[in-house]
>>> print(open('run-v8.pdb').read())   # PDB, C-alpha atoms
ATOM      1  CA  MET P   1      -2.695 -11.358 -18.258
ATOM      2  CA  ILE P   2      -3.978 -12.260 -14.801
ATOM      3  CA  PRO P   3      -5.049  -9.456 -12.385
ATOM      4  CA  LEU P   4      -1.981 -10.039 -10.194
ATOM      5  CA  GLN P   5       0.285  -9.313 -13.160
ATOM      6  CA  VAL P   6      -1.678  -6.155 -14.001
ATOM      7  CA  ALA P   7      -1.371  -5.032 -10.372
ATOM      8  CA  ALA P   8       2.396  -5.671 -10.384
ATOM      9  CA  ILE P   9       2.877  -3.643 -13.588
ATOM     10  CA  VAL P  10       0.741  -0.769 -12.270
ATOM     11  CA  LEU P  11       2.742  -0.755  -9.008
ATOM     12  CA  VAL P  12       6.043  -0.592 -10.911
ATOM     13  CA  GLY P  13       4.678   2.271 -13.025
ATOM     14  CA  ALA P  14       3.536   4.177  -9.955
ATOM     15  CA  GLY P  15       6.845   3.477  -8.173
ATOM     16  CA  GLY P  16       8.905   4.710 -11.111
ATOM     17  CA  LEU P  17       6.795   7.858 -11.339
ATOM     18  CA  ALA P  18       7.268   8.479  -7.606
ATOM     19  CA  VAL P  19      11.066   8.221  -7.974
ATOM     20  CA  VAL P  20      11.067  10.733 -10.830
ATOM     21  CA  LEU P  21       8.737  13.169  -9.069
ATOM     22  CA  ALA P  22      10.613  13.187  -5.736
ATOM     23  CA  ARG P  23      12.643  16.388  -5.361
ATOM     24  CA  ASP P  24      14.482  15.652  -2.114
ATOM     25  CA  LEU P  25      17.514  13.430  -2.825
ATOM     26  CA  LEU P  26      17.238  11.330   0.327
ATOM     27  CA  ARG P  27      13.546  10.725  -0.281
ATOM     28  CA  GLN P  28      14.345   9.844  -3.880
ATOM     29  CA  ALA P  29      16.979   7.329  -2.781
ATOM     30  CA  LEU P  30      14.522   5.605  -0.445
ATOM     31  CA  LEU P  31      11.769   5.605  -3.072
ATOM     32  CA  ASN P  32      14.266   4.125  -5.512
ATOM     33  CA  SER P  33      14.917   1.166  -3.217
ATOM     34  CA  PHE P  34      11.148   0.669  -2.828
ATOM     35  CA  TYR P  35      10.950   0.742  -6.610
ATOM     36  CA  GLY P  36      13.601  -1.995  -6.636
ATOM     37  CA  LEU P  37      11.399  -4.122  -4.387
ATOM     38  CA  GLN P  38       8.392  -3.542  -6.646
ATOM     39  CA  LEU P  39      10.469  -4.894  -9.536
ATOM     40  CA  VAL P  40      11.171  -7.990  -7.426
ATOM     41  CA  VAL P  41       7.410  -8.537  -7.033
ATOM     42  CA  LEU P  42       6.955  -8.029 -10.783
ATOM     43  CA  PHE P  43       9.588 -10.633 -11.684
ATOM     44  CA  LEU P  44       8.185 -13.055  -9.127
ATOM     45  CA  VAL P  45       4.622 -12.655 -10.432
ATOM     46  CA  PHE P  46       5.910 -13.288 -13.963
ATOM     47  CA  GLN P  47       7.573 -16.507 -12.749
ATOM     48  CA  ALA P  48      11.198 -15.409 -13.122
ATOM     49  CA  PRO P  49      12.520 -16.262  -9.639
ATOM     50  CA  ASP P  50      16.180 -16.143 -10.718
ATOM     51  CA  VAL P  51      15.803 -12.576 -11.951
ATOM     52  CA  ALA P  52      13.726 -11.684  -8.870
ATOM     53  CA  LEU P  53      16.565 -12.852  -6.593
ATOM     54  CA  ALA P  54      19.116 -10.789  -8.505
ATOM     55  CA  ALA P  55      16.827  -7.738  -8.440
ATOM     56  CA  LEU P  56      16.256  -8.200  -4.718
ATOM     57  CA  ALA P  57      19.956  -8.323  -3.899
ATOM     58  CA  VAL P  58      21.048  -5.520  -6.227
ATOM     59  CA  GLY P  59      18.004  -3.219  -6.427
ATOM     60  CA  GLY P  60      16.868  -3.695  -2.843
ATOM     61  CA  GLY P  61      20.270  -3.808  -1.155
ATOM     62  CA  ALA P  62      23.474  -2.996  -2.979
ATOM     63  CA  ALA P  63      22.380  -0.072  -5.174
ATOM     64  CA  PRO P  64      20.543   1.867  -2.418
ATOM     65  CA  LEU P  65      23.589   1.492  -0.184
ATOM     66  CA  VAL P  66      25.930   3.003  -2.765
ATOM     67  CA  ILE P  67      23.480   5.894  -3.338
ATOM     68  CA  LEU P  68      22.980   6.489   0.393
ATOM     69  CA  ALA P  69      26.746   6.412   1.029
ATOM     70  CA  THR P  70      27.225   9.038  -1.680
ATOM     71  CA  LEU P  71      24.509  11.242  -0.158
ATOM     72  CA  ALA P  72      26.049  10.806   3.303
ATOM     73  CA  LYS P  73      29.443  11.905   1.996
ATOM     74  CA  LEU P  74      27.991  14.977   0.297
ATOM     75  CA  ARG P  75      26.059  15.923   3.424
ATOM     76  CA  ALA P  76      29.065  15.429   5.697
ATOM     77  CA  ARG P  77      31.189  17.579   3.381
ATOM     78  CA  GLU P  78      28.581  20.348   3.424
ATOM     79  CA  GLU P  79      28.507  20.284   7.214
ATOM     80  CA  ARG P  80      32.308  20.535   7.415
ATOM     81  CA  ARG P  81      32.271  23.598   5.190
ATOM     82  CA  ARG P  82      29.891  25.411   7.517
TER      83      ARG P  82
ATOM     84  CA  MET I  83      10.394  31.236 -24.512
ATOM     85  CA  SER I  84       7.061  32.481 -23.177
ATOM     86  CA  ALA I  85       4.312  30.222 -21.824
ATOM     87  CA  ARG I  86       2.148  31.248 -24.757
ATOM     88  CA  THR I  87       4.486  29.574 -27.271
ATOM     89  CA  ARG I  88       5.706  26.832 -24.943
ATOM     90  CA  VAL I  89       2.315  25.257 -24.200
ATOM     91  CA  PRO I  90       1.179  24.789 -27.840
ATOM     92  CA  LEU I  91       4.651  23.495 -28.705
ATOM     93  CA  PHE I  92       4.417  20.965 -25.904
ATOM     94  CA  LEU I  93       0.897  19.914 -26.916
ATOM     95  CA  VAL I  94       1.968  19.312 -30.521
ATOM     96  CA  SER I  95       5.002  17.225 -29.561
ATOM     97  CA  ALA I  96       3.044  15.365 -26.849
ATOM     98  CA  ALA I  97       0.340  14.474 -29.393
ATOM     99  CA  GLY I  98       3.034  13.238 -31.762
ATOM    100  CA  LEU I  99       4.627  11.136 -29.033
ATOM    101  CA  ALA I 100       1.233   9.721 -28.000
ATOM    102  CA  ALA I 101       0.437   8.787 -31.606
ATOM    103  CA  LEU I 102       3.815   7.070 -32.065
ATOM    104  CA  LEU I 103       3.528   5.274 -28.730
ATOM    105  CA  GLY I 104      -0.019   4.122 -29.513
ATOM    106  CA  PHE I 105       1.097   2.911 -32.937
ATOM    107  CA  GLY I 106       4.033   1.035 -31.409
ATOM    108  CA  VAL I 107       2.031  -0.584 -28.604
ATOM    109  CA  ALA I 108      -0.718  -1.638 -31.042
ATOM    110  CA  GLY I 109       1.910  -3.460 -33.114
ATOM    111  CA  LEU I 110       3.358  -5.421 -30.194
ATOM    112  CA  PRO I 111       2.893  -9.199 -30.177
ATOM    113  CA  ALA I 112       0.132 -10.492 -27.879
ATOM    114  CA  PHE I 113       0.937 -10.846 -24.192
ATOM    115  CA  GLY I 114       2.899 -14.037 -23.516
ATOM    116  CA  ASP I 115       3.479 -14.625 -27.235
ATOM    117  CA  TYR I 116       6.864 -16.319 -27.641
ATOM    118  CA  HIS I 117       8.437 -17.252 -30.937
ATOM    119  CA  GLY I 118      12.072 -17.696 -29.892
ATOM    120  CA  PRO I 119      12.969 -21.347 -30.451
ATOM    121  CA  TYR I 120      15.944 -21.444 -28.036
ATOM    122  CA  GLY I 121      13.997 -21.274 -24.777
ATOM    123  CA  LEU I 122      11.660 -24.066 -25.854
ATOM    124  CA  VAL I 123      14.520 -26.241 -27.111
ATOM    125  CA  LEU I 124      16.548 -25.730 -23.932
ATOM    126  CA  ASN I 125      13.561 -26.541 -21.723
ATOM    127  CA  HIS I 126      13.438 -29.936 -23.411
ATOM    128  CA  VAL I 127      17.114 -30.844 -23.616
ATOM    129  CA  VAL I 128      18.815 -29.353 -20.535
ATOM    130  CA  LEU I 129      17.888 -32.080 -18.062
ATOM    131  CA  ALA I 130      19.168 -34.838 -20.352
ATOM    132  CA  GLN I 131      22.243 -32.954 -21.584
ATOM    133  CA  ARG I 132      23.475 -31.328 -18.351
ATOM    134  CA  HIS I 133      21.550 -33.015 -15.482
ATOM    135  CA  THR I 134      20.782 -29.507 -14.148
ATOM    136  CA  THR I 135      17.283 -28.961 -12.764
ATOM    137  CA  ASN I 136      17.529 -25.145 -12.977
ATOM    138  CA  VAL I 137      17.599 -24.440 -16.716
ATOM    139  CA  VAL I 138      18.579 -20.802 -16.103
ATOM    140  CA  ALA I 139      21.802 -21.884 -14.367
ATOM    141  CA  ALA I 140      22.654 -24.244 -17.241
ATOM    142  CA  VAL I 141      22.168 -21.377 -19.693
ATOM    143  CA  VAL I 142      24.186 -18.901 -17.628
ATOM    144  CA  PHE I 143      27.125 -21.165 -16.781
ATOM    145  CA  ASP I 144      27.194 -23.484 -19.782
ATOM    146  CA  TYR I 145      25.207 -22.824 -22.967
ATOM    147  CA  ARG I 146      25.844 -19.079 -22.763
ATOM    148  CA  GLY I 147      28.824 -19.288 -20.422
ATOM    149  CA  PHE I 148      30.735 -16.980 -22.719
ATOM    150  CA  ASP I 149      28.342 -14.124 -21.900
ATOM    151  CA  THR I 150      28.824 -14.797 -18.205
ATOM    152  CA  LEU I 151      32.597 -14.753 -18.664
ATOM    153  CA  GLY I 152      32.226 -11.268 -20.126
ATOM    154  CA  GLU I 153      29.960 -10.138 -17.284
ATOM    155  CA  GLU I 154      32.363 -11.590 -14.755
ATOM    156  CA  LEU I 155      35.302  -9.665 -16.198
ATOM    157  CA  MET I 156      33.158  -6.539 -16.530
ATOM    158  CA  LEU I 157      32.278  -6.640 -12.827
ATOM    159  CA  PHE I 158      35.917  -7.271 -11.976
ATOM    160  CA  ALA I 159      37.049  -4.332 -14.109
ATOM    161  CA  ALA I 160      34.338  -2.003 -12.755
ATOM    162  CA  VAL I 161      35.147  -2.739  -9.130
ATOM    163  CA  ALA I 162      38.909  -2.664  -9.727
ATOM    164  CA  ALA I 163      38.467   0.764 -11.352
ATOM    165  CA  THR I 164      36.411   1.968  -8.363
ATOM    166  CA  ALA I 165      39.191   0.860  -6.034
ATOM    167  CA  LEU I 166      41.786   2.492  -8.279
ATOM    168  CA  ILE I 167      39.990   5.850  -8.150
ATOM    169  CA  LEU I 168      38.791   5.864  -4.529
ATOM    170  CA  ARG I 169      41.455   3.948  -2.665
ATOM    171  CA  GLU I 170      44.117   6.013  -0.988
ATOM    172  CA  ALA I 171      46.254   5.415   2.023
ATOM    173  CA  ARG I 172      43.609   6.723   4.383
ATOM    174  CA  GLU I 173      42.465   3.642   6.232
ATOM    175  CA  GLU I 174      44.008   5.071   9.397
ATOM    176  CA  GLU I 175      42.016   8.279   8.991
ATOM    177  CA  ALA I 176      38.781   6.376   8.514
ATOM    178  CA  ARG I 177      39.512   4.244  11.584
ATOM    179  CA  GLN I 178      39.445   7.357  13.781
ATOM    180  CA  VAL I 179      35.705   7.639  13.265
ATOM    181  CA  VAL I 180      33.673   6.050  16.031
ATOM    182  CA  ASP I 181      30.203   5.426  14.677
ATOM    183  CA  SER I 182      29.074   2.493  16.796
ATOM    184  CA  VAL I 183      25.334   1.945  16.873
ATOM    185  CA  GLN I 184      24.015   3.101  20.254
ATOM    186  CA  SER I 185      20.705   1.254  20.302
ATOM    187  CA  GLU I 186      21.174  -2.119  22.018
ATOM    188  CA  PRO I 187      18.130  -3.792  20.348
ATOM    189  CA  VAL I 188      19.319  -2.724  16.869
ATOM    190  CA  ARG I 189      22.785  -4.070  17.610
ATOM    191  CA  ALA I 190      21.482  -7.359  19.005
ATOM    192  CA  VAL I 191      18.939  -8.096  16.284
ATOM    193  CA  GLY I 192      21.233  -6.841  13.509
ATOM    194  CA  LEU I 193      24.250  -8.855  14.595
ATOM    195  CA  ALA I 194      22.108 -11.954  15.206
ATOM    196  CA  ALA I 195      20.868 -11.619  11.611
ATOM    197  CA  VAL I 196      24.423 -11.551  10.179
ATOM    198  CA  PRO I 197      25.086 -15.336  10.266
ATOM    199  CA  VAL I 198      21.503 -16.023   9.140
ATOM    200  CA  VAL I 199      21.796 -13.780   6.067
ATOM    201  CA  ILE I 200      25.237 -15.175   5.188
ATOM    202  CA  LEU I 201      23.917 -18.737   5.513
ATOM    203  CA  LEU I 202      20.942 -17.819   3.307
ATOM    204  CA  GLY I 203      23.363 -16.437   0.712
ATOM    205  CA  LEU I 204      25.488 -19.601   0.799
ATOM    206  CA  PHE I 205      22.298 -21.649   0.402
ATOM    207  CA  VAL I 206      21.250 -19.597  -2.637
ATOM    208  CA  VAL I 207      24.715 -20.198  -4.128
ATOM    209  CA  ALA I 208      24.957 -23.901  -3.262
ATOM    210  CA  PHE I 209      21.573 -24.835  -4.738
ATOM    211  CA  GLY I 210      21.774 -22.304  -7.550
ATOM    212  CA  TYR I 211      21.767 -24.925 -10.307
ATOM    213  CA  LEU I 212      19.057 -27.074  -8.700
ATOM    214  CA  THR I 213      16.538 -24.391  -7.676
ATOM    215  CA  PRO I 214      16.309 -20.647  -8.500
ATOM    216  CA  GLY I 215      19.428 -18.820  -7.383
ATOM    217  CA  GLY I 216      23.094 -19.009  -8.274
ATOM    218  CA  GLY I 217      26.495 -17.498  -7.709
ATOM    219  CA  PHE I 218      25.571 -13.926  -8.553
ATOM    220  CA  GLN I 219      22.411 -13.753  -6.460
ATOM    221  CA  GLY I 220      23.846 -15.691  -3.525
ATOM    222  CA  GLY I 221      27.138 -13.810  -3.642
ATOM    223  CA  THR I 222      25.321 -10.490  -3.365
ATOM    224  CA  VAL I 223      23.316 -11.778  -0.391
ATOM    225  CA  VAL I 224      26.530 -12.891   1.385
ATOM    226  CA  ALA I 225      28.045  -9.441   0.783
ATOM    227  CA  LEU I 226      24.900  -7.799   2.191
ATOM    228  CA  GLY I 227      25.151 -10.080   5.239
ATOM    229  CA  LEU I 228      28.684  -8.804   5.858
ATOM    230  CA  LEU I 229      27.490  -5.222   5.304
ATOM    231  CA  LEU I 230      24.956  -5.782   8.076
ATOM    232  CA  VAL I 231      27.936  -5.700  10.464
ATOM    233  CA  TYR I 232      28.408  -2.031   9.541
ATOM    234  CA  LEU I 233      24.697  -1.242   9.759
ATOM    235  CA  ALA I 234      24.209  -2.964  13.120
ATOM    236  CA  ALA I 235      27.583  -2.341  14.760
ATOM    237  CA  GLU I 236      30.203   0.034  13.338
ATOM    238  CA  HIS I 237      32.452   0.783  10.383
ATOM    239  CA  ARG I 238      35.624  -0.386  12.102
ATOM    240  CA  ALA I 239      34.115  -3.813  12.767
ATOM    241  CA  TYR I 240      33.194  -4.129   9.075
ATOM    242  CA  ARG I 241      36.713  -3.221   7.997
ATOM    243  CA  ARG I 242      38.260  -5.625  10.483
ATOM    244  CA  LEU I 243      35.996  -8.402   9.195
ATOM    245  CA  THR I 244      36.880  -7.670   5.556
ATOM    246  CA  PRO I 245      40.580  -6.734   5.386
ATOM    247  CA  THR I 246      41.441  -5.171   2.028
ATOM    248  CA  HIS I 247      44.276  -7.572   1.177
ATOM    249  CA  VAL I 248      42.015 -10.606   1.726
ATOM    250  CA  VAL I 249      39.077  -9.178  -0.253
ATOM    251  CA  ASP I 250      41.393  -8.198  -3.129
ATOM    252  CA  VAL I 251      42.678 -11.774  -3.380
ATOM    253  CA  PHE I 252      39.138 -13.166  -3.528
ATOM    254  CA  GLU I 253      38.030 -10.545  -6.050
ATOM    255  CA  GLY I 254      40.845 -11.390  -8.439
ATOM    256  CA  GLY I 255      40.819 -15.097  -7.552
ATOM    257  CA  GLY I 256      37.124 -15.577  -8.344
ATOM    258  CA  ALA I 257      37.473 -14.047 -11.792
ATOM    259  CA  ALA I 258      40.721 -15.959 -12.385
ATOM    260  CA  ALA I 259      39.096 -19.268 -11.387
ATOM    261  CA  PHE I 260      36.296 -18.673 -13.901
ATOM    262  CA  VAL I 261      38.820 -18.028 -16.689
ATOM    263  CA  ALA I 262      40.957 -20.986 -15.558
ATOM    264  CA  LEU I 263      37.960 -23.340 -15.790
ATOM    265  CA  ALA I 264      37.219 -22.034 -19.285
ATOM    266  CA  LEU I 265      40.846 -22.575 -20.326
ATOM    267  CA  GLY I 266      40.998 -25.937 -18.534
ATOM    268  CA  ALA I 267      38.690 -27.432 -21.144
ATOM    269  CA  LEU I 268      41.194 -26.442 -23.835
ATOM    270  CA  LEU I 269      43.966 -28.398 -22.087
ATOM    271  CA  GLY I 270      41.816 -31.520 -22.302
ATOM    272  CA  GLY I 271      41.392 -31.037 -26.049
ATOM    273  CA  LEU I 272      37.819 -29.728 -25.726
ATOM    274  CA  ALA I 273      36.318 -26.433 -26.863
ATOM    275  CA  PHE I 274      36.842 -23.271 -24.792
ATOM    276  CA  GLN I 275      34.504 -23.410 -21.754
ATOM    277  CA  GLN I 276      33.161 -26.841 -22.667
ATOM    278  CA  ASN I 277      31.671 -28.741 -19.735
ATOM    279  CA  PHE I 278      34.327 -31.345 -18.908
ATOM    280  CA  LEU I 279      33.346 -32.917 -15.564
ATOM    281  CA  PRO I 280      31.069 -35.938 -15.000
ATOM    282  CA  LEU I 281      27.426 -34.820 -15.046
ATOM    283  CA  GLY I 282      26.412 -36.727 -11.900
ATOM    284  CA  ARG I 283      22.980 -37.752 -10.690
ATOM    285  CA  ILE I 284      20.060 -35.399 -11.482
ATOM    286  CA  GLY I 285      19.086 -33.335  -8.438
ATOM    287  CA  ALA I 286      22.356 -33.914  -6.552
ATOM    288  CA  LEU I 287      24.743 -31.094  -5.554
ATOM    289  CA  THR I 288      27.383 -32.813  -7.679
ATOM    290  CA  SER I 289      25.262 -32.688 -10.839
ATOM    291  CA  GLY I 290      25.943 -30.449 -13.819
ATOM    292  CA  GLY I 291      29.629 -31.185 -14.460
ATOM    293  CA  SER I 292      31.617 -27.920 -14.424
ATOM    294  CA  ILE I 293      28.540 -25.840 -13.578
ATOM    295  CA  PRO I 294      28.946 -26.078  -9.758
ATOM    296  CA  LEU I 295      32.585 -24.939  -9.987
ATOM    297  CA  LEU I 296      31.743 -22.002 -12.271
ATOM    298  CA  ASN I 297      28.865 -21.171  -9.934
ATOM    299  CA  TRP I 298      31.172 -21.011  -6.899
ATOM    300  CA  ALA I 299      33.829 -19.065  -8.780
ATOM    301  CA  THR I 300      31.137 -16.509  -9.634
ATOM    302  CA  ALA I 301      29.927 -16.438  -6.027
ATOM    303  CA  ILE I 302      33.437 -15.707  -4.728
ATOM    304  CA  GLU I 303      34.020 -13.005  -7.327
ATOM    305  CA  VAL I 304      30.639 -11.309  -6.752
ATOM    306  CA  THR I 305      30.845 -11.439  -2.943
ATOM    307  CA  ALA I 306      34.340  -9.951  -2.947
ATOM    308  CA  ALA I 307      33.396  -7.354  -5.571
ATOM    309  CA  PHE I 308      30.446  -6.042  -3.551
ATOM    310  CA  VAL I 309      32.327  -6.194  -0.230
ATOM    311  CA  LEU I 310      35.122  -4.170  -1.828
ATOM    312  CA  LEU I 311      32.672  -1.707  -3.375
ATOM    313  CA  PHE I 312      30.827  -1.182  -0.054
ATOM    314  CA  GLY I 313      34.167  -0.809   1.763
ATOM    315  CA  GLU I 314      35.417   1.892  -0.596
ATOM    316  CA  PHE I 315      32.160   3.860  -0.488
ATOM    317  CA  LEU I 316      31.901   3.642   3.317
ATOM    318  CA  GLU I 317      35.505   4.762   3.683
ATOM    319  CA  GLU I 318      34.674   7.839   1.599
ATOM    320  CA  VAL I 319      31.914   8.697   4.078
ATOM    321  CA  MET I 320      34.135   8.027   7.113
ATOM    322  CA  VAL I 321      36.958  10.240   5.878
ATOM    323  CA  GLU I 322      34.497  13.158   5.659
ATOM    324  CA  ARG I 323      33.326  12.447   9.193
ATOM    325  CA  ARG I 324      36.753  12.130  10.780
ATOM    326  CA  PRO I 325      37.328  14.287  13.846
ATOM    327  CA  GLY I 326      39.291  17.517  13.540
TER     328      GLY I 326
END
>>> encode(input="run-v8.pdb", output="structure tokens")
Amino acid sequence: MIPLQVAAIVLVGAGGLAVVLARDLLRQALLNSFYGLQLVVLFLVFQAPDVALAALAVGGGAAPLVILATLAKLRAREERRR
Amino acid sequence: MSARTRVPLFLVSAAGLAALLGFGVAGLPAFGDYHGPYGLVLNHVVLAQRHTTNVVAAVVFDYRGFDTLGEELMLFAAVAATALILREAREEEARQVVDSVQSEPVRAVGLAAVPVVILLGLFVVAFGYLTPGGGFQGGTVVALGLLLVYLAAEHRAYRRLTPTHVVDVFEGGGAAAFVALALGALLGGLAFQQNFLPLGRIGALTSGGSIPLLNWATAIEVTAAFVLLFGEFLEEVMVERRPG
């Protein structure tokens, strides 16, 4: 394993831990999309560019949007109730 | 349970987990150790058999095209179910929300990036079987490019750009085209999903036989699926924000 690969794995581990430890939902959603980008780096370092592209589009773009939209709806509903 | 009993209990189970994990990791094959014959075989035969320079694309759309057919239909079913649950006759309600982006620089840079991102997505699709990429990856990028219209401008502009009846046709049409290509081989007396078009010159956009067509069918299906998914989720948010 070359140092770059070790660094990529450590980053993914730290990113995943950060997502789990975050208590605030919005912060967790943002950390989750950062985690998605760290996975992209991991796949790229391990020479899987096809997978990296898919992870970039889904983990870095599509999934965070769906999560953020859900949070926005919940927040808007709470504000209407007040 | 009190802390006095909880902590020892945790320590015992944590030690057990650590022992099991250590045992499991110690038994793993060495890093980079690969015994599967298929990858090695495919690396040697794909270029001669399919004239496709991206082996991954040949696997996804040809050798294991059946898996992709399943994934394609799964995505179609998942997004259709989302639309079935979330879609109501409330487009008019959502249209009442004015959420245009006020910052001029954000608008300008964001909207200028829209055609660039869409072009990048189309590039990733078009060269998907020559270089890394493909219909799924490129299709998602195109959908994100369209979504940028919402992020940089407003929800109404996004909806106007992606009318539901048009997106629905593409969502169903992409999946249908994939199935039709698989069935088309049967009509010619070949096996289900067998590659039936001329393989073309290696490295050309026309290489790979049926692979380019399956690639584009996937791209259409994936783009429409994500555009539809984004549209439904955004509409949910807009309905909550409607005035009154």
>>> atom_distance(input="run-v8.pdb", atom1="atom CA of I:Val319", atom2="atom CA of I:Ala190")
24.3 Å
>>> axis_aligned_box(input="run-v8.pdb", around="stretch 38-47 of chain P", padding_each_side="8 Å", output="JSON")
{"center_x": 7.9, "center_y": -10.0, "center_z": -10.3, "size_x": 22.5, "size_y": 29.0, "size_z": 23.3}
>>> closest_residue(input="run-v8.pdb", among="I:Thr300, I:Gln178, I:Thr288, I:Thr244", to="I:Met320", atoms="all atoms listed in the file")
I:Gln178
>>> interface_residues(input="run-v8.pdb", of="chain I", to="chain P", cutoff="9 Å", atoms="all atoms listed in the file", output="list in words")
Phe113, Gly114, Val138, Ala139, Gly210, Thr213, Pro214, Gly215, Gly216, Phe218, Gln219, Gly220, Thr222, Val223, Ala225, Leu226, Phe308, Leu311, Phe312, Phe315, Leu316, Glu318, Val319, Met320, Val321, Glu322 and Arg323 of chain I
>>> resolve_selection(input="run-v8.pdb", expression="the PyMOL selection byres ((chain I and resi 294) around 12)", output="PyMOL selection string")
chain I and resi 132-134+136+139-140+142-144+207-212+216-217+260+263+277-282+286-293+295-301
>>> resolve_selection(input="run-v8.pdb", expression="the PyMOL selection byres ((chain I and resi 192) around 12)", output="PyMOL selection string")
chain I and resi 183+185-191+193-199+226-236
>>> closest_residue(input="run-v8.pdb", among="P:Arg82, P:Ser33, P:Leu42, P:Gln47", to="P:Pro64", atoms="only C-alpha atoms")
P:Ser33
>>> atom_distance(input="run-v8.pdb", atom1="atom CA of I:Ser182", atom2="atom CA of I:Glu317")
14.8 Å
>>> closest_residue(input="run-v8.pdb", among="I:Asp181, I:Arg238, I:Phe274, I:Val261", to="I:Tyr145", atoms="all atoms listed in the file")
I:Phe274
>>> closest_residue(input="run-v8.pdb", among="P:Phe34, P:Phe46, P:Gln5, P:Gly60", to="P:Val19", atoms="only C-alpha atoms")
P:Phe34
>>> residues_around(input="run-v8.pdb", residues="P:Gly16", least_positions_apart="3", cutoff="10 Å", atoms="all atoms listed in the file", output="CSV table (one decimal) with C-alpha atoms, in the frame of the given file")
chain,number,residue,atom,x,y,z
P,10,VAL,CA,0.7,-0.8,-12.3
P,11,LEU,CA,2.7,-0.8,-9.0
P,12,VAL,CA,6.0,-0.6,-10.9
P,13,GLY,CA,4.7,2.3,-13.0
P,19,VAL,CA,11.1,8.2,-8.0
P,20,VAL,CA,11.1,10.7,-10.8
P,21,LEU,CA,8.7,13.2,-9.1
P,31,LEU,CA,11.8,5.6,-3.1
P,32,ASN,CA,14.3,4.1,-5.5
P,34,PHE,CA,11.1,0.7,-2.8
P,35,TYR,CA,11.0,0.7,-6.6
P,36,GLY,CA,13.6,-2.0,-6.6
P,38,GLN,CA,8.4,-3.5,-6.6
P,39,LEU,CA,10.5,-4.9,-9.5
>>> atom_distance(input="run-v8.pdb", atom1="atom CA of I:Val179", atom2="atom CA of I:His237")
8.1 Å
>>> closest_residue(input="run-v8.pdb", among="I:Val309, I:Val137, I:Ala257, I:Leu269", to="I:Met156", atoms="only C-alpha atoms")
I:Ala257
>>> build_atoms(input="run-v8.pdb", residues="stretch 114-127 of chain I", atoms="N, CA and C atoms", output="PDB file, in the frame of the given file")
ATOM      1  N   GLY I 114       2.510 -12.641 -23.698  1.00  0.00           N
ATOM      2  CA  GLY I 114       2.899 -14.037 -23.516  1.00  0.00           C
ATOM      3  C   GLY I 114       3.229 -14.757 -24.814  1.00  0.00           C
ATOM      4  N   ASP I 115       3.179 -14.029 -25.928  1.00  0.00           N
ATOM      5  CA  ASP I 115       3.479 -14.625 -27.235  1.00  0.00           C
ATOM      6  C   ASP I 115       4.989 -14.831 -27.343  1.00  0.00           C
ATOM      7  N   TYR I 116       5.423 -16.045 -27.625  1.00  0.00           N
ATOM      8  CA  TYR I 116       6.864 -16.319 -27.641  1.00  0.00           C
ATOM      9  C   TYR I 116       7.237 -17.137 -28.864  1.00  0.00           C
ATOM     10  N   HIS I 117       8.058 -16.555 -29.709  1.00  0.00           N
ATOM     11  CA  HIS I 117       8.437 -17.252 -30.937  1.00  0.00           C
ATOM     12  C   HIS I 117       9.893 -17.701 -30.948  1.00  0.00           C
ATOM     13  N   GLY I 118      10.664 -17.307 -29.914  1.00  0.00           N
ATOM     14  CA  GLY I 118      12.072 -17.696 -29.892  1.00  0.00           C
ATOM     15  C   GLY I 118      12.190 -19.190 -29.702  1.00  0.00           C
ATOM     16  N   PRO I 119      12.907 -19.890 -30.581  1.00  0.00           N
ATOM     17  CA  PRO I 119      12.969 -21.347 -30.451  1.00  0.00           C
ATOM     18  C   PRO I 119      13.888 -21.796 -29.313  1.00  0.00           C
ATOM     19  N   TYR I 120      14.901 -20.967 -28.944  1.00  0.00           N
ATOM     20  CA  TYR I 120      15.944 -21.444 -28.036  1.00  0.00           C
ATOM     21  C   TYR I 120      15.408 -21.837 -26.667  1.00  0.00           C
ATOM     22  N   GLY I 121      14.530 -20.979 -26.103  1.00  0.00           N
ATOM     23  CA  GLY I 121      13.997 -21.274 -24.777  1.00  0.00           C
ATOM     24  C   GLY I 121      13.257 -22.599 -24.756  1.00  0.00           C
ATOM     25  N   LEU I 122      12.447 -22.825 -25.791  1.00  0.00           N
ATOM     26  CA  LEU I 122      11.660 -24.066 -25.854  1.00  0.00           C
ATOM     27  C   LEU I 122      12.576 -25.272 -26.021  1.00  0.00           C
ATOM     28  N   VAL I 123      13.579 -25.134 -26.893  1.00  0.00           N
ATOM     29  CA  VAL I 123      14.520 -26.241 -27.111  1.00  0.00           C
ATOM     30  C   VAL I 123      15.260 -26.562 -25.816  1.00  0.00           C
ATOM     31  N   LEU I 124      15.780 -25.512 -25.152  1.00  0.00           N
ATOM     32  CA  LEU I 124      16.548 -25.730 -23.932  1.00  0.00           C
ATOM     33  C   LEU I 124      15.688 -26.388 -22.854  1.00  0.00           C
ATOM     34  N   ASN I 125      14.446 -25.947 -22.722  1.00  0.00           N
ATOM     35  CA  ASN I 125      13.561 -26.541 -21.723  1.00  0.00           C
ATOM     36  C   ASN I 125      13.455 -28.046 -21.912  1.00  0.00           C
ATOM     37  N   HIS I 126      13.576 -28.503 -23.154  1.00  0.00           N
ATOM     38  CA  HIS I 126      13.438 -29.936 -23.411  1.00  0.00           C
ATOM     39  C   HIS I 126      14.742 -30.705 -23.252  1.00  0.00           C
ATOM     40  N   VAL I 127      15.871 -30.072 -23.558  1.00  0.00           N
ATOM     41  CA  VAL I 127      17.114 -30.844 -23.616  1.00  0.00           C
ATOM     42  C   VAL I 127      18.022 -30.700 -22.400  1.00  0.00           C
TER      43      VAL I 127
END
